[in-house]
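Data block below; observations after.
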Amino acid sequence: MQKASTREKGGRHLISKNKRFSDINSANNEKYKKRRITLKKNLQQITVGKPFTAILYSGDESKRNGDVSYPFRCDSNFYYLTGFCEPNAWMIIFSDGKRINEDIILSRKKDKTKELWDGIIIGQRKAKTDYLFDKAYSTEAIDRVVASKLEDSQYVFFPIAERSFSQRITRWLSLLKGKKRMGIDNPGHLGDLSRVIENQRVIKDTYELKVMKKAARISAAAHREAMRISRPGLKELDVETALLQVFRNNEAYEVAYPSIVASGANACILHHRASSRILQKNELILIDAGCEFNGYASDITRTFPVSGKFTKAQKLIYEIVLLAQRDAIQKIKLGEKYNAPHEAAVRSITQNLISAGLLKSRSVDEAVEKQEYKKFYMHKTGHWLGLDVHDVGSYNTAFKKNMVLTVEPGVYIRPSKDIPREFWNIGIRIEDDVIVKEKGCELISREVPVELDEVEQLSSL
Ligand code: GLY
Ligand code: MN
Ligand code: MN
């Protein structure tokens, strides 16, 4: 077993095994405090000055087998509001509707033996001071602390769609029932905390944009490396290894999602994972891979020829997808509806597949209406991006400044009697990450090229 060598400020030798994001314990936890204050204000608007309690949980460690756990990934809402990444931690925001407003953290107690195996546990003293909470308790006190807050609340907010959470809340509320004759009423109003936080998270702040740009830059470098090394004879897994190496060399310890490295016909399997398949001459490789950096996702797809030269049929489809992406990007601007880029991509792909003779319809309107494109383009053109790769946020909305999304049209052609053979098994997707700006948008993942000749050049042997 290897000894942890990183020294923390103050001369500590041990680091927490959950210290996977590089800004943890950096003195800059003000941003999380500010987010909690904003959340409190948003909740106060909903409760119009009535007392409330809001509760979040960081998550359990989940067992892989025996005494081995999966790497812990903190609940994104919890991380967004605390910057605190330990399992079994609770955050409570309480307001009595008047003078008393407090944020509370409950986390694991210091434990010298556990720390010897797993690295430091932050403990209550540091949780309070470094993470800027008003109060800190050990996790064991959760029932007592929640009960005392619920007694004084008319509203309780929690993630209502999470079954284990709902069960806990029901238990806490049923405990309160027993105090009814002592004049203590149940809060009476239950609210979805996830919904309130998601409205906050969908607009990124300056810090988040900076981190997301960095994540996109690292992923773009990984894609460039993949283009550079891919050649006939390598396995999909070798290409995945090259991607991961670039991520980790840049302190992006985790992937934002399992990397898709799909060569040849595998490109038509939308979520194909890297396998031991050997890359062949004259085929394409589709790579959909992005790192997570400081908790934030990037999500990039590029498709390129294994031996550096597109065939005529591949080139035709590549250009159709690239044009669709261009048309979609034009629609990413303030006030435009979220679905406008998808509608533009669908129209563009339909039009060009008709021109290429791959869709038989004569009218674009009719083909769109009948969703004929779905035979070749069966997914949406993007999603919100943030702490989660498919980030939170309503899709019934118009674009606002500093929203971040992906734009990812694709065309996938399965073997079929009515399709000329040279198109069989071509699967192409191009995906970039985009920030909505005051004017138009900014593509943050273009340090890996998309133009056909540049892609050929970078992937040539
Ligand atoms: N990589 C997942 C997605 O593109 O949505
Ligand atoms: Mn995506
Ligand atoms: Mn993707």
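Naming scheme: A, B, ... for chains in displayed order of the structure tokens; residues 1 onward per chain; ligands 1 onward as shown.
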- Residues within 9 Å of ligand 2 should be enumerated using only C-alpha atoms and all ligand atoms and returned as number ranges by chain. A: 288, 298-301, 381-385, 389-390, 405-408, 431-433
Each residue of range 167-236 of chain A with at least one atom at most 12 Å from range 47-50 of chain A should appear once, together with its nearest atom pair and the corresponding distance in Å (one decimal); atoms considered: only C-alpha atoms; ordering: chain, then increasing residue number; output as CSV.
residue,atom,partner,partner_atom,distance
A:Pro187,CA,A:Lys50,CA,10.3
A:Gly188,CA,A:Lys50,CA,11.7
A:His189,CA,A:Thr47,CA,9.4
A:Leu190,CA,A:Thr47,CA,10.8
A:Gly191,CA,A:Thr47,CA,9.8
Produce a file of the selected residues containing N, CA and C atoms, as a PDB file, in the first residue's frame.
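File written: selection.pdb
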ATOM      1  N   PRO A 187     -44.866  20.413  10.141  1.00  0.00           N
ATOM      2  CA  PRO A 187     -44.719  21.575   9.255  1.00  0.00           C
ATOM      3  C   PRO A 187     -45.909  21.764   8.301  1.00  0.00           C
ATOM      4  N   GLY A 188     -46.506  20.702   7.846  1.00  0.00           N
ATOM      5  CA  GLY A 188     -47.716  20.884   7.022  1.00  0.00           C
ATOM      6  C   GLY A 188     -47.452  21.052   5.543  1.00  0.00           C
ATOM      7  N   HIS A 189     -46.383  21.766   5.163  1.00  0.00           N
ATOM      8  CA  HIS A 189     -46.084  21.968   3.741  1.00  0.00           C
ATOM      9  C   HIS A 189     -44.767  21.301   3.377  1.00  0.00           C
ATOM     10  N   LEU A 190     -44.822  20.444   2.368  1.00  0.00           N
ATOM     11  CA  LEU A 190     -43.598  19.812   1.874  1.00  0.00           C
ATOM     12  C   LEU A 190     -43.247  20.433   0.521  1.00  0.00           C
ATOM     13  N   GLY A 191     -41.985  20.770   0.318  1.00  0.00           N
ATOM     14  CA  GLY A 191     -41.583  21.383  -0.958  1.00  0.00           C
ATOM     15  C   GLY A 191     -40.398  20.661  -1.561  1.00  0.00           C
TER      16      GLY A 191
END
- Query: Could you pull the residues within 10 Å of Glu30 in chain A, counting only C-alpha atoms, minus those fewer than 6 positions along the same chain, as a PyMOL selection string?
  - Reply: chain A and resi 36+82-83+130-132
- Distance of CA of Gly295 in chain A from CA of Tyr253 in chain A, expressed in Å to one decimal place: 9.6 Å
- Task: Kindly give the distance, in Å, that separates CA of Ala297 in chain A and CA of Ile320 in chain A, rounded to a single decimal.
- Result: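 Distance between the two atoms: 27.2 Å.
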- Asp60 in chain A surroundings by only C-alpha atoms, 8 Å radius, close-in-sequence under 2 positions cut, as a PyMOL selection string: chain A and resi 58+62+72+87-88
Using the selection just defined, write its residues with all heavy atoms as a short mmCIF file (atom, residue, chain, number, x, y, z; two decimals), in the first residue's frame.
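Once written, selection.cif looks like this:
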data_model
loop_
_atom_site.label_atom_id
_atom_site.label_comp_id
_atom_site.auth_asym_id
_atom_site.auth_seq_id
_atom_site.Cartn_x
_atom_site.Cartn_y
_atom_site.Cartn_z
N SER A 58 -25.31 14.28 1.58
CA SER A 58 -24.19 14.16 0.62
C SER A 58 -24.14 12.79 -0.06
O SER A 58 -23.61 12.66 -1.16
CB SER A 58 -22.85 14.39 1.33
OG SER A 58 -22.56 13.32 2.20
N SER A 62 -20.97 3.57 -1.53
CA SER A 62 -21.66 2.35 -1.91
C SER A 62 -20.67 1.22 -2.15
O SER A 62 -19.59 1.41 -2.72
CB SER A 62 -22.60 2.62 -3.09
OG SER A 62 -22.05 2.27 -4.27
N PHE A 72 -16.36 7.47 -3.97
CA PHE A 72 -17.52 8.27 -3.55
C PHE A 72 -17.64 9.51 -4.42
O PHE A 72 -16.67 10.22 -4.65
CB PHE A 72 -17.37 8.66 -2.08
CG PHE A 72 -18.47 9.56 -1.60
CD1 PHE A 72 -19.76 9.07 -1.45
CD2 PHE A 72 -18.22 10.89 -1.33
CE1 PHE A 72 -20.79 9.90 -1.04
CE2 PHE A 72 -19.24 11.73 -0.91
CZ PHE A 72 -20.53 11.23 -0.76
N PRO A 87 -18.88 11.50 2.52
CA PRO A 87 -20.17 10.79 2.61
C PRO A 87 -20.79 11.00 3.98
O PRO A 87 -20.13 11.47 4.92
CB PRO A 87 -19.78 9.33 2.40
CG PRO A 87 -18.32 9.24 2.68
CD PRO A 87 -17.73 10.59 2.43
N ASN A 88 -22.07 10.68 4.10
CA ASN A 88 -22.81 10.74 5.38
C ASN A 88 -22.83 12.12 6.01
O ASN A 88 -22.78 12.26 7.24
CB ASN A 88 -22.23 9.74 6.41
CG ASN A 88 -22.03 8.37 5.83
OD1 ASN A 88 -20.90 7.88 5.75
ND2 ASN A 88 -23.09 7.77 5.35
#
- Item | Picked from range 27-61 of chain A by DSSP as strand (DSSP E), as a PyMOL selection string | chain A and resi 52-57
How would the residues just chosen look if you wrote them out with C-alpha atoms as a JSON list (two decimals), in the first residue's frame?
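Wrote out-v7.json, looks like this:
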[["chain", "number", "residue", "atom", "x", "y", "z"],
["A", 52, "PHE", "CA", -38.86, 26.56, 7.15],
["A", 53, "THR", "CA", -36.23, 23.83, 7.19],
["A", 54, "ALA", "CA", -34.36, 22.64, 4.08],
["A", 55, "ILE", "CA", -32.41, 19.37, 4.20],
["A", 56, "LEU", "CA", -29.82, 17.78, 1.88],
["A", 57, "TYR", "CA", -27.63, 14.69, 2.17]]
- What's the 8 Å shell around range 458-461 of chain A, counting only C-alpha atoms, without same-chain residues fewer than 6 positions away, as JSON, numbers by chain? {"A": [224, 227, 228, 229, 230, 231, 304, 305, 306, 307, 308, 309]}
Just N, CA, C and O atoms for this one: save the residues we selected as a PDB file, in the first residue's frame.
ATOM      1  N   ARG A 224      -7.669  15.561 -28.980  1.00  0.00           N
ATOM      2  CA  ARG A 224      -6.572  15.785 -29.949  1.00  0.00           C
ATOM      3  C   ARG A 224      -5.587  14.610 -29.891  1.00  0.00           C
ATOM      4  O   ARG A 224      -5.133  14.099 -30.907  1.00  0.00           O
ATOM      5  N   MET A 227      -6.999  11.605 -31.587  1.00  0.00           N
ATOM      6  CA  MET A 227      -6.899  11.727 -33.054  1.00  0.00           C
ATOM      7  C   MET A 227      -5.466  11.437 -33.508  1.00  0.00           C
ATOM      8  O   MET A 227      -5.237  10.819 -34.532  1.00  0.00           O
ATOM      9  N   ARG A 228      -4.551  11.937 -32.713  1.00  0.00           N
ATOM     10  CA  ARG A 228      -3.139  11.805 -33.086  1.00  0.00           C
ATOM     11  C   ARG A 228      -2.683  10.334 -33.065  1.00  0.00           C
ATOM     12  O   ARG A 228      -1.990   9.892 -33.963  1.00  0.00           O
ATOM     13  N   ILE A 229      -3.120   9.589 -32.060  1.00  0.00           N
ATOM     14  CA  ILE A 229      -2.568   8.222 -31.907  1.00  0.00           C
ATOM     15  C   ILE A 229      -3.371   7.144 -32.632  1.00  0.00           C
ATOM     16  O   ILE A 229      -2.865   6.053 -32.860  1.00  0.00           O
ATOM     17  N   SER A 230      -4.643   7.426 -32.950  1.00  0.00           N
ATOM     18  CA  SER A 230      -5.485   6.362 -33.522  1.00  0.00           C
ATOM     19  C   SER A 230      -4.939   5.904 -34.866  1.00  0.00           C
ATOM     20  O   SER A 230      -4.570   6.728 -35.707  1.00  0.00           O
ATOM     21  N   ARG A 231      -4.889   4.624 -35.058  1.00  0.00           N
ATOM     22  CA  ARG A 231      -4.416   4.050 -36.321  1.00  0.00           C
ATOM     23  C   ARG A 231      -4.857   2.587 -36.370  1.00  0.00           C
ATOM     24  O   ARG A 231      -5.145   1.995 -35.322  1.00  0.00           O
ATOM     25  N   PHE A 304     -13.724  10.679 -36.514  1.00  0.00           N
ATOM     26  CA  PHE A 304     -12.647  10.897 -37.490  1.00  0.00           C
ATOM     27  C   PHE A 304     -12.217   9.568 -38.122  1.00  0.00           C
ATOM     28  O   PHE A 304     -12.488   8.488 -37.582  1.00  0.00           O
ATOM     29  N   PRO A 305     -11.549   9.652 -39.282  1.00  0.00           N
ATOM     30  CA  PRO A 305     -11.135   8.419 -39.954  1.00  0.00           C
ATOM     31  C   PRO A 305      -9.912   7.816 -39.278  1.00  0.00           C
ATOM     32  O   PRO A 305      -8.955   8.544 -38.968  1.00  0.00           O
ATOM     33  N   VAL A 306      -9.966   6.506 -39.045  1.00  0.00           N
ATOM     34  CA  VAL A 306      -8.877   5.810 -38.349  1.00  0.00           C
ATOM     35  C   VAL A 306      -7.540   6.034 -39.062  1.00  0.00           C
ATOM     36  O   VAL A 306      -6.518   6.248 -38.422  1.00  0.00           O
ATOM     37  N   SER A 307      -7.583   6.026 -40.406  1.00  0.00           N
ATOM     38  CA  SER A 307      -6.298   6.217 -41.095  1.00  0.00           C
ATOM     39  C   SER A 307      -6.156   7.594 -41.729  1.00  0.00           C
ATOM     40  O   SER A 307      -5.373   7.776 -42.657  1.00  0.00           O
ATOM     41  N   GLY A 308      -6.962   8.554 -41.240  1.00  0.00           N
ATOM     42  CA  GLY A 308      -6.705   9.948 -41.612  1.00  0.00           C
ATOM     43  C   GLY A 308      -7.379  10.443 -42.871  1.00  0.00           C
ATOM     44  O   GLY A 308      -7.235  11.625 -43.221  1.00  0.00           O
ATOM     45  N   LYS A 309      -8.148   9.630 -43.547  1.00  0.00           N
ATOM     46  CA  LYS A 309      -8.775  10.070 -44.802  1.00  0.00           C
ATOM     47  C   LYS A 309     -10.224   9.570 -44.837  1.00  0.00           C
ATOM     48  O   LYS A 309     -10.475   8.368 -44.777  1.00  0.00           O
TER      49      LYS A 309
END
